[in-house]
Structure formats: structure tokens, C-alpha cells
$ cat start.txt   # compact mmCIF, N, CA and C atoms
# COMPACT_ATOMS: atom_id res chain seq x y z
N MET A 1 0.85 -1.17 0.00
CA MET A 1 0.00 0.00 0.00
C MET A 1 0.90 1.23 0.00
N PHE A 2 0.49 2.24 -0.74
CA PHE A 2 1.22 3.49 -0.66
C PHE A 2 1.00 4.12 0.71
N MET A 3 2.08 4.61 1.30
CA MET A 3 2.02 5.13 2.66
C MET A 3 1.00 6.26 2.81
N ASN A 4 0.96 7.16 1.85
CA ASN A 4 0.04 8.29 1.96
C ASN A 4 -1.43 7.87 1.94
N TYR A 5 -1.72 6.66 1.41
CA TYR A 5 -3.11 6.20 1.38
C TYR A 5 -3.68 6.02 2.80
N LEU A 6 -2.81 5.71 3.77
CA LEU A 6 -3.28 5.61 5.15
C LEU A 6 -3.98 6.88 5.60
N PHE A 7 -3.55 8.01 5.03
CA PHE A 7 -4.00 9.32 5.49
C PHE A 7 -5.02 9.98 4.56
N GLU A 8 -5.37 9.30 3.47
CA GLU A 8 -6.40 9.82 2.58
C GLU A 8 -7.75 9.75 3.29
N PRO A 9 -8.49 10.85 3.33
CA PRO A 9 -9.79 10.81 4.01
C PRO A 9 -10.71 9.69 3.53
N GLY A 10 -10.68 9.40 2.25
CA GLY A 10 -11.54 8.35 1.71
C GLY A 10 -11.18 6.94 2.17
N SER A 11 -9.93 6.73 2.58
CA SER A 11 -9.54 5.39 3.03
C SER A 11 -10.15 5.07 4.38
N GLY A 12 -10.34 6.11 5.20
CA GLY A 12 -10.94 5.92 6.51
C GLY A 12 -10.00 5.40 7.58
N MET A 13 -8.76 5.09 7.23
CA MET A 13 -7.86 4.49 8.22
C MET A 13 -7.36 5.49 9.25
N VAL A 14 -7.03 6.70 8.80
CA VAL A 14 -6.62 7.74 9.73
C VAL A 14 -7.52 8.95 9.53
N ASP A 15 -8.15 9.35 10.60
CA ASP A 15 -8.98 10.55 10.61
C ASP A 15 -8.20 11.61 11.39
N LEU A 16 -7.40 12.40 10.68
CA LEU A 16 -6.56 13.39 11.36
C LEU A 16 -7.38 14.46 12.10
N PRO A 17 -8.42 15.05 11.47
CA PRO A 17 -9.19 16.05 12.22
C PRO A 17 -9.85 15.46 13.47
N GLY A 18 -10.21 14.18 13.42
CA GLY A 18 -10.85 13.53 14.56
C GLY A 18 -9.87 12.81 15.48
N ASP A 19 -8.57 12.90 15.18
CA ASP A 19 -7.54 12.25 16.00
C ASP A 19 -7.89 10.79 16.27
N THR A 20 -8.16 10.05 15.18
CA THR A 20 -8.59 8.66 15.30
C THR A 20 -7.86 7.79 14.29
N VAL A 21 -7.44 6.61 14.74
CA VAL A 21 -6.95 5.57 13.85
C VAL A 21 -8.00 4.47 13.84
N ASN A 22 -8.50 4.15 12.65
CA ASN A 22 -9.46 3.07 12.47
C ASN A 22 -8.70 1.85 11.98
N ALA A 23 -8.50 0.89 12.87
CA ALA A 23 -7.71 -0.30 12.58
C ALA A 23 -8.55 -1.29 11.79
N LEU A 24 -8.01 -1.73 10.67
CA LEU A 24 -8.70 -2.72 9.85
C LEU A 24 -8.41 -4.10 10.42
N GLY A 25 -9.42 -4.74 10.98
CA GLY A 25 -9.29 -6.08 11.54
C GLY A 25 -9.00 -6.07 13.02
N SER A 26 -7.87 -5.50 13.39
CA SER A 26 -7.48 -5.38 14.80
C SER A 26 -6.32 -4.41 14.91
N LEU A 27 -5.99 -4.02 16.12
CA LEU A 27 -4.83 -3.15 16.31
C LEU A 27 -3.53 -3.87 16.01
N GLU A 28 -3.56 -5.21 16.00
CA GLU A 28 -2.37 -6.01 15.72
C GLU A 28 -2.23 -6.37 14.24
N THR A 29 -3.23 -6.04 13.42
CA THR A 29 -3.13 -6.31 11.99
C THR A 29 -1.97 -5.49 11.42
N ALA A 30 -1.11 -6.16 10.68
CA ALA A 30 0.06 -5.49 10.09
C ALA A 30 -0.19 -5.16 8.63
N VAL A 31 0.47 -4.11 8.18
CA VAL A 31 0.40 -3.69 6.79
C VAL A 31 1.78 -3.15 6.40
N THR A 32 2.19 -3.44 5.17
CA THR A 32 3.44 -2.89 4.65
C THR A 32 3.09 -1.69 3.78
N VAL A 33 3.80 -0.59 4.03
CA VAL A 33 3.55 0.66 3.31
C VAL A 33 4.86 1.20 2.75
N THR A 34 4.76 1.82 1.58
CA THR A 34 5.92 2.38 0.90
C THR A 34 5.46 3.65 0.19
N THR A 35 6.29 4.66 0.16
CA THR A 35 5.91 5.88 -0.55
C THR A 35 5.92 5.62 -2.05
N PRO A 36 5.11 6.35 -2.81
CA PRO A 36 5.16 6.20 -4.26
C PRO A 36 6.55 6.52 -4.82
N GLU A 37 7.21 7.51 -4.23
CA GLU A 37 8.55 7.89 -4.70
C GLU A 37 9.54 6.74 -4.50
N ASP A 38 9.52 6.13 -3.32
CA ASP A 38 10.42 5.00 -3.06
C ASP A 38 10.08 3.81 -3.95
N THR A 39 8.80 3.60 -4.19
CA THR A 39 8.39 2.51 -5.08
C THR A 39 8.97 2.72 -6.47
N GLY A 40 8.94 3.95 -6.96
CA GLY A 40 9.50 4.25 -8.28
C GLY A 40 11.01 4.01 -8.33
N VAL A 41 11.73 4.51 -7.33
CA VAL A 41 13.18 4.33 -7.28
C VAL A 41 13.54 2.85 -7.22
N LEU A 42 12.85 2.12 -6.36
CA LEU A 42 13.15 0.69 -6.20
C LEU A 42 12.78 -0.11 -7.45
N THR A 43 11.69 0.25 -8.09
CA THR A 43 11.29 -0.44 -9.32
C THR A 43 12.34 -0.26 -10.40
N ALA A 44 12.86 0.95 -10.54
CA ALA A 44 13.91 1.20 -11.53
C ALA A 44 15.17 0.40 -11.18
N ASP A 45 15.52 0.35 -9.91
CA ASP A 45 16.70 -0.41 -9.50
C ASP A 45 16.53 -1.90 -9.81
N ILE A 46 15.35 -2.40 -9.52
CA ILE A 46 15.05 -3.81 -9.79
C ILE A 46 15.11 -4.10 -11.29
N LEU A 47 14.56 -3.20 -12.08
CA LEU A 47 14.55 -3.38 -13.54
C LEU A 47 15.96 -3.52 -14.10
N PHE A 48 16.90 -2.76 -13.55
CA PHE A 48 18.27 -2.77 -14.08
C PHE A 48 19.23 -3.61 -13.24
N ALA A 49 18.71 -4.39 -12.31
CA ALA A 49 19.56 -5.20 -11.43
C ALA A 49 20.31 -6.26 -12.24
N GLU A 50 21.54 -6.51 -11.82
CA GLU A 50 22.36 -7.59 -12.40
C GLU A 50 22.77 -8.50 -11.27
N PRO A 51 22.62 -9.79 -11.36
CA PRO A 51 21.96 -10.48 -12.46
C PRO A 51 20.47 -10.12 -12.52
N ARG A 52 19.90 -10.29 -13.70
CA ARG A 52 18.49 -9.96 -13.92
C ARG A 52 17.60 -10.73 -12.98
N ILE A 53 16.58 -10.07 -12.51
CA ILE A 53 15.58 -10.72 -11.66
C ILE A 53 14.44 -11.16 -12.56
N ARG A 54 14.17 -12.46 -12.53
CA ARG A 54 13.13 -13.00 -13.41
C ARG A 54 12.29 -14.01 -12.64
N ASN A 55 11.01 -14.00 -12.91
CA ASN A 55 10.10 -15.01 -12.39
C ASN A 55 10.17 -15.19 -10.88
N GLU A 56 10.26 -14.09 -10.16
CA GLU A 56 10.20 -14.17 -8.71
C GLU A 56 9.49 -12.94 -8.17
N ILE A 57 8.92 -13.09 -7.02
CA ILE A 57 8.28 -11.98 -6.35
C ILE A 57 9.36 -11.17 -5.65
N VAL A 58 9.31 -9.85 -5.83
CA VAL A 58 10.27 -8.96 -5.20
C VAL A 58 9.50 -8.08 -4.22
N TYR A 59 9.88 -8.17 -2.95
CA TYR A 59 9.20 -7.40 -1.92
C TYR A 59 9.94 -6.11 -1.64
N LEU A 60 9.16 -5.03 -1.45
CA LEU A 60 9.66 -3.71 -1.06
C LEU A 60 8.97 -3.33 0.23
N ALA A 61 9.57 -2.44 0.99
CA ALA A 61 8.88 -1.93 2.18
C ALA A 61 9.53 -0.65 2.67
N GLY A 62 8.71 0.38 2.78
CA GLY A 62 9.15 1.56 3.51
C GLY A 62 9.06 1.26 4.99
N ASP A 63 7.99 0.55 5.36
CA ASP A 63 7.78 0.15 6.75
C ASP A 63 6.72 -0.94 6.80
N THR A 64 6.82 -1.77 7.81
CA THR A 64 5.76 -2.73 8.12
C THR A 64 5.34 -2.42 9.54
N ILE A 65 4.06 -2.08 9.69
CA ILE A 65 3.54 -1.59 10.97
C ILE A 65 2.21 -2.24 11.28
N THR A 66 1.84 -2.21 12.55
CA THR A 66 0.48 -2.57 12.93
C THR A 66 -0.32 -1.27 13.06
N TYR A 67 -1.62 -1.39 13.10
CA TYR A 67 -2.44 -0.19 13.28
C TYR A 67 -2.21 0.41 14.66
N GLY A 68 -1.90 -0.42 15.65
CA GLY A 68 -1.54 0.09 16.97
C GLY A 68 -0.26 0.92 16.91
N GLU A 69 0.72 0.44 16.16
CA GLU A 69 1.97 1.20 15.99
C GLU A 69 1.73 2.49 15.22
N LEU A 70 0.83 2.45 14.27
CA LEU A 70 0.46 3.66 13.53
C LEU A 70 -0.07 4.72 14.49
N ALA A 71 -0.98 4.33 15.37
CA ALA A 71 -1.54 5.28 16.34
C ALA A 71 -0.45 5.82 17.26
N GLN A 72 0.42 4.94 17.73
CA GLN A 72 1.50 5.36 18.63
C GLN A 72 2.45 6.33 17.93
N THR A 73 2.78 6.06 16.68
CA THR A 73 3.67 6.94 15.92
C THR A 73 3.04 8.31 15.76
N LEU A 74 1.75 8.35 15.45
CA LEU A 74 1.06 9.64 15.30
C LEU A 74 1.05 10.40 16.62
N GLU A 75 0.78 9.71 17.71
CA GLU A 75 0.76 10.37 19.02
C GLU A 75 2.13 10.98 19.35
N THR A 76 3.17 10.22 19.10
CA THR A 76 4.52 10.70 19.40
C THR A 76 4.91 11.87 18.51
N ALA A 77 4.70 11.73 17.22
CA ALA A 77 5.13 12.76 16.27
C ALA A 77 4.29 14.03 16.35
N LEU A 78 2.99 13.87 16.56
CA LEU A 78 2.09 15.02 16.55
C LEU A 78 1.77 15.54 17.95
N GLU A 79 2.27 14.83 18.96
CA GLU A 79 2.14 15.23 20.37
C GLU A 79 0.68 15.48 20.78
N ARG A 80 -0.17 14.51 20.41
CA ARG A 80 -1.57 14.55 20.85
C ARG A 80 -2.10 13.13 20.84
N PRO A 81 -3.10 12.85 21.64
CA PRO A 81 -3.64 11.48 21.69
C PRO A 81 -4.48 11.14 20.46
N PHE A 82 -4.47 9.86 20.11
CA PHE A 82 -5.30 9.35 19.01
C PHE A 82 -6.16 8.21 19.54
N ARG A 83 -7.46 8.32 19.27
CA ARG A 83 -8.38 7.22 19.60
C ARG A 83 -8.08 6.06 18.69
N ARG A 84 -8.31 4.86 19.20
CA ARG A 84 -8.14 3.65 18.42
C ARG A 84 -9.49 2.96 18.30
N VAL A 85 -9.94 2.79 17.06
CA VAL A 85 -11.22 2.14 16.79
C VAL A 85 -10.93 0.94 15.90
N VAL A 86 -11.49 -0.20 16.25
CA VAL A 86 -11.27 -1.41 15.45
C VAL A 86 -12.48 -1.65 14.55
N TRP A 87 -12.20 -1.76 13.26
CA TRP A 87 -13.21 -2.15 12.30
C TRP A 87 -13.00 -3.63 12.05
N THR A 88 -13.88 -4.46 12.57
CA THR A 88 -13.71 -5.92 12.52
C THR A 88 -13.91 -6.46 11.10
N VAL A 89 -13.32 -7.61 10.86
CA VAL A 89 -13.48 -8.26 9.55
C VAL A 89 -14.95 -8.51 9.25
N PRO A 90 -15.75 -9.09 10.19
CA PRO A 90 -17.16 -9.30 9.86
C PRO A 90 -17.90 -8.01 9.49
N SER A 91 -17.63 -6.92 10.21
CA SER A 91 -18.33 -5.67 9.89
C SER A 91 -17.90 -5.13 8.52
N LEU A 92 -16.62 -5.26 8.20
CA LEU A 92 -16.14 -4.80 6.89
C LEU A 92 -16.69 -5.67 5.76
N LEU A 93 -16.81 -6.97 6.01
CA LEU A 93 -17.39 -7.85 5.00
C LEU A 93 -18.88 -7.55 4.80
N ASP A 94 -19.58 -7.20 5.87
CA ASP A 94 -20.98 -6.80 5.76
C ASP A 94 -21.11 -5.53 4.92
N GLU A 95 -20.22 -4.54 5.18
CA GLU A 95 -20.24 -3.31 4.39
C GLU A 95 -19.99 -3.60 2.91
N LEU A 96 -19.05 -4.50 2.65
CA LEU A 96 -18.74 -4.86 1.27
C LEU A 96 -19.92 -5.57 0.61
N ALA A 97 -20.58 -6.44 1.34
CA ALA A 97 -21.74 -7.15 0.79
C ALA A 97 -22.86 -6.17 0.42
N ALA A 98 -22.98 -5.08 1.19
CA ALA A 98 -24.01 -4.08 0.91
C ALA A 98 -23.69 -3.26 -0.35
N ASP A 99 -22.41 -3.19 -0.70
CA ASP A 99 -22.01 -2.44 -1.89
C ASP A 99 -20.77 -3.10 -2.49
N PRO A 100 -20.94 -4.24 -3.17
CA PRO A 100 -19.80 -5.04 -3.63
C PRO A 100 -18.95 -4.38 -4.71
N ASP A 101 -19.40 -3.31 -5.30
CA ASP A 101 -18.61 -2.64 -6.33
C ASP A 101 -17.75 -1.50 -5.78
N ASP A 102 -17.88 -1.21 -4.51
CA ASP A 102 -17.12 -0.12 -3.89
C ASP A 102 -15.68 -0.57 -3.65
N MET A 103 -14.73 0.03 -4.37
CA MET A 103 -13.32 -0.39 -4.28
C MET A 103 -12.73 -0.14 -2.90
N THR A 104 -13.11 0.94 -2.24
CA THR A 104 -12.58 1.21 -0.90
C THR A 104 -13.02 0.12 0.06
N ARG A 105 -14.27 -0.30 -0.03
CA ARG A 105 -14.75 -1.39 0.83
C ARG A 105 -14.02 -2.69 0.53
N LYS A 106 -13.69 -2.92 -0.74
CA LYS A 106 -12.92 -4.11 -1.10
C LYS A 106 -11.53 -4.06 -0.46
N TYR A 107 -10.86 -2.92 -0.60
CA TYR A 107 -9.53 -2.77 0.00
C TYR A 107 -9.58 -2.99 1.50
N ARG A 108 -10.53 -2.35 2.16
CA ARG A 108 -10.63 -2.49 3.61
C ARG A 108 -10.81 -3.94 4.03
N ALA A 109 -11.70 -4.65 3.35
CA ALA A 109 -11.98 -6.04 3.70
C ALA A 109 -10.74 -6.91 3.51
N VAL A 110 -10.02 -6.69 2.44
CA VAL A 110 -8.81 -7.48 2.17
C VAL A 110 -7.72 -7.16 3.18
N PHE A 111 -7.45 -5.89 3.39
CA PHE A 111 -6.38 -5.50 4.30
C PHE A 111 -6.70 -5.88 5.74
N ALA A 112 -7.96 -5.89 6.11
CA ALA A 112 -8.35 -6.28 7.48
C ALA A 112 -8.03 -7.73 7.77
N GLN A 113 -8.06 -8.57 6.74
CA GLN A 113 -7.78 -9.99 6.93
C GLN A 113 -6.29 -10.27 7.10
N GLY A 114 -5.45 -9.31 6.72
CA GLY A 114 -4.03 -9.39 7.00
C GLY A 114 -3.24 -10.45 6.26
N ARG A 115 -3.80 -11.01 5.22
CA ARG A 115 -3.08 -12.06 4.47
C ARG A 115 -2.49 -11.44 3.20
N GLY A 116 -1.17 -11.53 3.08
CA GLY A 116 -0.52 -11.06 1.87
C GLY A 116 -0.36 -9.55 1.77
N VAL A 117 -0.57 -8.83 2.86
CA VAL A 117 -0.47 -7.38 2.83
C VAL A 117 0.65 -6.84 3.72
N ALA A 118 1.39 -7.76 4.35
CA ALA A 118 2.51 -7.34 5.21
C ALA A 118 3.60 -8.39 5.15
N TRP A 119 4.84 -7.92 5.17
CA TRP A 119 6.00 -8.81 5.19
C TRP A 119 7.12 -8.13 5.96
N ALA A 120 8.06 -8.92 6.39
CA ALA A 120 9.17 -8.40 7.19
C ALA A 120 10.03 -7.46 6.33
N LYS A 121 10.30 -6.29 6.86
CA LYS A 121 11.10 -5.31 6.14
C LYS A 121 12.52 -5.82 5.90
N ASP A 122 13.04 -6.60 6.82
CA ASP A 122 14.41 -7.13 6.68
C ASP A 122 14.57 -8.05 5.47
N ASP A 123 13.47 -8.62 4.98
CA ASP A 123 13.53 -9.55 3.86
C ASP A 123 13.25 -8.89 2.51
N THR A 124 13.25 -7.57 2.47
CA THR A 124 12.89 -6.86 1.24
C THR A 124 14.11 -6.56 0.37
N TYR A 125 13.83 -6.27 -0.87
CA TYR A 125 14.88 -5.89 -1.82
C TYR A 125 15.67 -4.70 -1.28
N ASN A 126 14.97 -3.66 -0.82
CA ASN A 126 15.66 -2.47 -0.35
C ASN A 126 16.54 -2.74 0.87
N ALA A 127 16.10 -3.59 1.78
CA ALA A 127 16.92 -3.92 2.95
C ALA A 127 18.14 -4.73 2.54
N ARG A 128 17.95 -5.71 1.68
CA ARG A 128 19.08 -6.56 1.25
C ARG A 128 20.13 -5.77 0.48
N HIS A 129 19.72 -4.69 -0.18
CA HIS A 129 20.65 -3.88 -0.97
C HIS A 129 20.98 -2.55 -0.30
N ALA A 130 20.58 -2.39 0.94
CA ALA A 130 20.87 -1.17 1.73
C ALA A 130 20.45 0.10 0.99
N ILE A 131 19.27 0.07 0.40
CA ILE A 131 18.72 1.23 -0.28
C ILE A 131 17.81 1.96 0.71
N PRO A 132 18.15 3.20 1.04
CA PRO A 132 17.34 3.92 2.02
C PRO A 132 15.94 4.24 1.50
N VAL A 133 14.96 4.09 2.38
CA VAL A 133 13.56 4.41 2.06
C VAL A 133 12.97 5.18 3.23
N THR A 134 11.81 5.75 3.00
CA THR A 134 11.12 6.52 4.02
C THR A 134 10.26 5.59 4.86
N ASP A 135 10.46 5.64 6.18
CA ASP A 135 9.60 4.85 7.07
C ASP A 135 8.44 5.72 7.55
N LEU A 136 7.52 5.13 8.28
CA LEU A 136 6.32 5.86 8.71
C LEU A 136 6.67 7.09 9.54
N ARG A 137 7.56 6.94 10.51
CA ARG A 137 7.92 8.06 11.37
C ARG A 137 8.44 9.23 10.53
N GLN A 138 9.33 8.95 9.58
CA GLN A 138 9.87 10.00 8.72
C GLN A 138 8.77 10.66 7.89
N TRP A 139 7.87 9.84 7.33
CA TRP A 139 6.80 10.38 6.49
C TRP A 139 5.91 11.32 7.31
N VAL A 140 5.56 10.89 8.50
CA VAL A 140 4.71 11.73 9.36
C VAL A 140 5.43 13.03 9.69
N GLN A 141 6.70 12.95 10.03
CA GLN A 141 7.48 14.17 10.35
C GLN A 141 7.53 15.11 9.14
N GLN A 142 7.72 14.57 7.95
CA GLN A 142 7.86 15.38 6.75
C GLN A 142 6.53 15.94 6.25
N ASN A 143 5.44 15.25 6.52
CA ASN A 143 4.17 15.63 5.90
C ASN A 143 3.08 16.11 6.85
N LEU A 144 3.19 15.79 8.13
CA LEU A 144 2.09 16.13 9.05
C LEU A 144 2.51 16.98 10.23
N ALA A 145 3.76 16.87 10.66
CA ALA A 145 4.20 17.59 11.85
C ALA A 145 4.41 19.06 11.50
N ASP A 146 4.24 19.91 12.49
CA ASP A 146 4.41 21.36 12.27
C ASP A 146 5.82 21.72 11.96

$ encode --input "start.txt" --output "C-alpha cells"
Amino acid sequence: MFMNYLFEPGSGMVDLPGDTVNALGSLETAVTVTTPEDTGVLTADILFAEPRIRNEIVYLAGDTITYGELAQTLETALERPFRRVVWTVPSLLDELAADPDDMTRKYRAVFAQGRGVAWAKDDTYNARHAIPVTDLRQWVQQNLAD
């Protein structure tokens, strides 16, 4: 997931004006996030890597966090409390069933289940090649802090 999507009002995951983190599934659900800029740099590096990378999945990560860690990072960086609300998998699946064509509801339901949406940062292409990327704390400091 692109890191900034966490903060898009339409995603519903972070409500900055309401000082709320809405956790998809649970506060322990993990998600891997990367900035679009880092994704572009890493994609170009992968494309020109020697030896060529073929027929394998290549993982990238700016950060892998839980929704609880997201709330804690926001509290620390922005120096204010954030409410934590859990949107359960059953409730998200019910919302999706009510409007199965809504892409945001599809994303929420998938990410809440936590399968295939998070991986260890240490096992990523950027970590193995020591390519610096923006983590959540840095992104929040650069984009949200005063």
C-alpha cells in the first residue's frame, strides 16, 4: 500500500481532524507501506539489477507496521492522543456485501484480513541492498508535523 493512502480521508484508516486511527481487523493487523517515490526508485533499481531478476516476487517496504503502531507513531510525532477504533473483519465484509462494487470497501476487507499485505522489512529488496527508504515516522514528520 502506498504510505500516503493511510491518510487519505476516503480510506478511513486515519482521521486526522478527529484524532482517530481506524484499525482494519485489529490493532495487531500489520500492513506494509511504501511511498510512491520509493516505489519508483526501487522499481527502476530492480529493472536494471544484475543479475536480472526473473520469475520471482520482489518485496519492497518503507515500513511494516500494525495499526496500533500507527496510532503510537502519530501520538509521538504530533504530540496529541489518538483514539483507536477497530473495524472488525465481519463488519467490513458486511459493508462490502451491501455495496460489492465499492473499491474502498474491497480494499478495507482485504487489508483487514491481514493475508498477503505485510512482510518483514528485513527480507525486502531495499533492505538486502541497503537502499534507504522513508519509514512511517519520517513520512509523518515530513508531511504532518508542524

$ select_by_dssp --input "start.txt" --residues "region 19-128 of chain A" --states "alpha helix (DSSP H)" --output "ChimeraX atom specification"
/A:36-47,67-78,89-98,103-113,125-128

$ closest_residue --input "start.txt" --among "A:Thr76, A:Tyr59, A:Ala98, A:Trp87" --to "Asn126 (chain A)" --atoms "only N, CA and C atoms"
A:Tyr59

$ closest_residue --input "start.txt" --among "A:Ala109, A:Asn55, A:Ile46, A:Asp63" --to "Arg137 (chain A)" --atoms "only N, CA and C atoms"
A:Asp63

$ select_by_dssp --input "start.txt" --residues "region 62-119 of chain A" --states "strand (DSSP E or B)" --output "ChimeraX atom specification"
/A:63-66,83-87

$ residues_around --input "start.txt" --residues "region 28-41 of chain A" --least-positions-apart "2" --cutoff "8 Å" --atoms "all atoms listed in the file" --output "JSON list (two decimals) with N, CA and C atoms, in the coordinates of the input"
[["chain", "number", "residue", "atom", "x", "y", "z"],
["A", 1, "MET", "N", 0.85, -1.17, 0.00],
["A", 1, "MET", "CA", 0.00, 0.00, 0.00],
["A", 1, "MET", "C", 0.90, 1.23, 0.00],
["A", 2, "PHE", "N", 0.49, 2.24, -0.74],
["A", 2, "PHE", "CA", 1.22, 3.49, -0.66],
["A", 2, "PHE", "C", 1.00, 4.12, 0.71],
["A", 3, "MET", "N", 2.08, 4.61, 1.30],
["A", 3, "MET", "CA", 2.02, 5.13, 2.66],
["A", 3, "MET", "C", 1.00, 6.26, 2.81],
["A", 4, "ASN", "N", 0.96, 7.16, 1.85],
["A", 4, "ASN", "CA", 0.04, 8.29, 1.96],
["A", 4, "ASN", "C", -1.43, 7.87, 1.94],
["A", 5, "TYR", "N", -1.72, 6.66, 1.41],
["A", 5, "TYR", "CA", -3.11, 6.20, 1.38],
["A", 5, "TYR", "C", -3.68, 6.02, 2.80],
["A", 23, "ALA", "N", -8.50, 0.89, 12.87],
["A", 23, "ALA", "CA", -7.71, -0.30, 12.58],
["A", 23, "ALA", "C", -8.55, -1.29, 11.79],
["A", 24, "LEU", "N", -8.01, -1.73, 10.67],
["A", 24, "LEU", "CA", -8.70, -2.72, 9.85],
["A", 24, "LEU", "C", -8.41, -4.10, 10.42],
["A", 25, "GLY", "N", -9.42, -4.74, 10.98],
["A", 25, "GLY", "CA", -9.29, -6.08, 11.54],
["A", 25, "GLY", "C", -9.00, -6.07, 13.02],
["A", 26, "SER", "N", -7.87, -5.50, 13.39],
["A", 26, "SER", "CA", -7.48, -5.38, 14.80],
["A", 26, "SER", "C", -6.32, -4.41, 14.91],
["A", 43, "THR", "N", 11.69, 0.25, -8.09],
["A", 43, "THR", "CA", 11.29, -0.44, -9.32],
["A", 43, "THR", "C", 12.34, -0.26, -10.40],
["A", 44, "ALA", "N", 12.86, 0.95, -10.54],
["A", 44, "ALA", "CA", 13.91, 1.20, -11.53],
["A", 44, "ALA", "C", 15.17, 0.40, -11.18],
["A", 45, "ASP", "N", 15.52, 0.35, -9.91],
["A", 45, "ASP", "CA", 16.70, -0.41, -9.50],
["A", 45, "ASP", "C", 16.53, -1.90, -9.81],
["A", 46, "ILE", "N", 15.35, -2.40, -9.52],
["A", 46, "ILE", "CA", 15.05, -3.81, -9.79],
["A", 46, "ILE", "C", 15.11, -4.10, -11.29],
["A", 47, "LEU", "N", 14.56, -3.20, -12.08],
["A", 47, "LEU", "CA", 14.55, -3.38, -13.54],
["A", 47, "LEU", "C", 15.96, -3.52, -14.10],
["A", 60, "LEU", "N", 9.16, -5.03, -1.45],
["A", 60, "LEU", "CA", 9.66, -3.71, -1.06],
["A", 60, "LEU", "C", 8.97, -3.33, 0.23],
["A", 61, "ALA", "N", 9.57, -2.44, 0.99],
["A", 61, "ALA", "CA", 8.88, -1.93, 2.18],
["A", 61, "ALA", "C", 9.53, -0.65, 2.67],
["A", 62, "GLY", "N", 8.71, 0.38, 2.78],
["A", 62, "GLY", "CA", 9.15, 1.56, 3.51],
["A", 62, "GLY", "C", 9.06, 1.26, 4.99],
["A", 63, "ASP", "N", 7.99, 0.55, 5.36],
["A", 63, "ASP", "CA", 7.78, 0.15, 6.75],
["A", 63, "ASP", "C", 6.72, -0.94, 6.80],
["A", 64, "THR", "N", 6.82, -1.77, 7.81],
["A", 64, "THR", "CA", 5.76, -2.73, 8.12],
["A", 64, "THR", "C", 5.34, -2.42, 9.54],
["A", 65, "ILE", "N", 4.06, -2.08, 9.69],
["A", 65, "ILE", "CA", 3.54, -1.59, 10.97],
["A", 65, "ILE", "C", 2.21, -2.24, 11.28],
["A", 66, "THR", "N", 1.84, -2.21, 12.55],
["A", 66, "THR", "CA", 0.48, -2.57, 12.93],
["A", 66, "THR", "C", -0.32, -1.27, 13.06],
["A", 67, "TYR", "N", -1.62, -1.39, 13.10],
["A", 67, "TYR", "CA", -2.44, -0.19, 13.28],
["A", 67, "TYR", "C", -2.21, 0.41, 14.66],
["A", 68, "GLY", "N", -1.90, -0.42, 15.65],
["A", 68, "GLY", "CA", -1.54, 0.09, 16.97],
["A", 68, "GLY", "C", -0.26, 0.92, 16.91],
["A", 69, "GLU", "N", 0.72, 0.44, 16.16],
["A", 69, "GLU", "CA", 1.97, 1.20, 15.99],
["A", 69, "GLU", "C", 1.73, 2.49, 15.22],
["A", 111, "PHE", "N", -7.45, -5.89, 3.39],
["A", 111, "PHE", "CA", -6.38, -5.50, 4.30],
["A", 111, "PHE", "C", -6.70, -5.88, 5.74],
["A", 112, "ALA", "N", -7.96, -5.89, 6.11],
["A", 112, "ALA", "CA", -8.35, -6.28, 7.48],
["A", 112, "ALA", "C", -8.03, -7.73, 7.77],
["A", 113, "GLN", "N", -8.06, -8.57, 6.74],
["A", 113, "GLN", "CA", -7.78, -9.99, 6.93],
["A", 113, "GLN", "C", -6.29, -10.27, 7.10],
["A", 114, "GLY", "N", -5.45, -9.31, 6.72],
["A", 114, "GLY", "CA", -4.03, -9.39, 7.00],
["A", 114, "GLY", "C", -3.24, -10.45, 6.26],
["A", 115, "ARG", "N", -3.80, -11.01, 5.22],
["A", 115, "ARG", "CA", -3.08, -12.06, 4.47],
["A", 115, "ARG", "C", -2.49, -11.44, 3.20],
["A", 116, "GLY", "N", -1.17, -11.53, 3.08],
["A", 116, "GLY", "CA", -0.52, -11.06, 1.87],
["A", 116, "GLY", "C", -0.36, -9.55, 1.77],
["A", 117, "VAL", "N", -0.57, -8.83, 2.86],
["A", 117, "VAL", "CA", -0.47, -7.38, 2.83],
["A", 117, "VAL", "C", 0.65, -6.84, 3.72],
["A", 118, "ALA", "N", 1.39, -7.76, 4.35],
["A", 118, "ALA", "CA", 2.51, -7.34, 5.21],
["A", 118, "ALA", "C", 3.60, -8.39, 5.15],
["A", 119, "TRP", "N", 4.84, -7.92, 5.17],
["A", 119, "TRP", "CA", 6.00, -8.81, 5.19],
["A", 119, "TRP", "C", 7.12, -8.13, 5.96],
["A", 120, "ALA", "N", 8.06, -8.92, 6.39],
["A", 120, "ALA", "CA", 9.17, -8.40, 7.19],
["A", 120, "ALA", "C", 10.03, -7.46, 6.33],
["A", 121, "LYS", "N", 10.30, -6.29, 6.86],
["A", 121, "LYS", "CA", 11.10, -5.31, 6.14],
["A", 121, "LYS", "C", 12.52, -5.82, 5.90],
["A", 132, "PRO", "N", 18.15, 3.20, 1.04],
["A", 132, "PRO", "CA", 17.34, 3.92, 2.02],
["A", 132, "PRO", "C", 15.94, 4.24, 1.50],
["A", 133, "VAL", "N", 14.96, 4.09, 2.38],
["A", 133, "VAL", "CA", 13.56, 4.41, 2.06],
["A", 133, "VAL", "C", 12.97, 5.18, 3.23],
["A", 134, "THR", "N", 11.81, 5.75, 3.00],
["A", 134, "THR", "CA", 11.12, 6.52, 4.02],
["A", 134, "THR", "C", 10.26, 5.59, 4.86],
["A", 135, "ASP", "N", 10.46, 5.64, 6.18],
["A", 135, "ASP", "CA", 9.60, 4.85, 7.07],
["A", 135, "ASP", "C", 8.44, 5.72, 7.55],
["A", 136, "LEU", "N", 7.52, 5.13, 8.28],
["A", 136, "LEU", "CA", 6.32, 5.86, 8.71],
["A", 136, "LEU", "C", 6.67, 7.09, 9.54]]

$ atom_distance --input "start.txt" --atom1 "CA of Arg84 (chain A)" --atom2 "CA of Met13 (chain A)"
10.2 Å

$ atom_distance --input "start.txt" --atom1 "CA of Asp102 (chain A)" --atom2 "CA of Gly18 (chain A)"
23.8 Å

$ closest_residue --input "start.txt" --among "A:Leu6, A:Val21, A:Asp146, A:Arg108" --to "Arg83 (chain A)" --atoms "all atoms listed in the file"
A:Val21

$ atom_distance --input "start.txt" --atom1 "CA of Leu93 (chain A)" --atom2 "CA of Pro9 (chain A)"
20.2 Å

$ closest_residue --input "start.txt" --among "A:Leu16, A:Glu8, A:Ala49, A:Ala97" --to "Glu75 (chain A)" --atoms "only C-alpha atoms"
A:Leu16
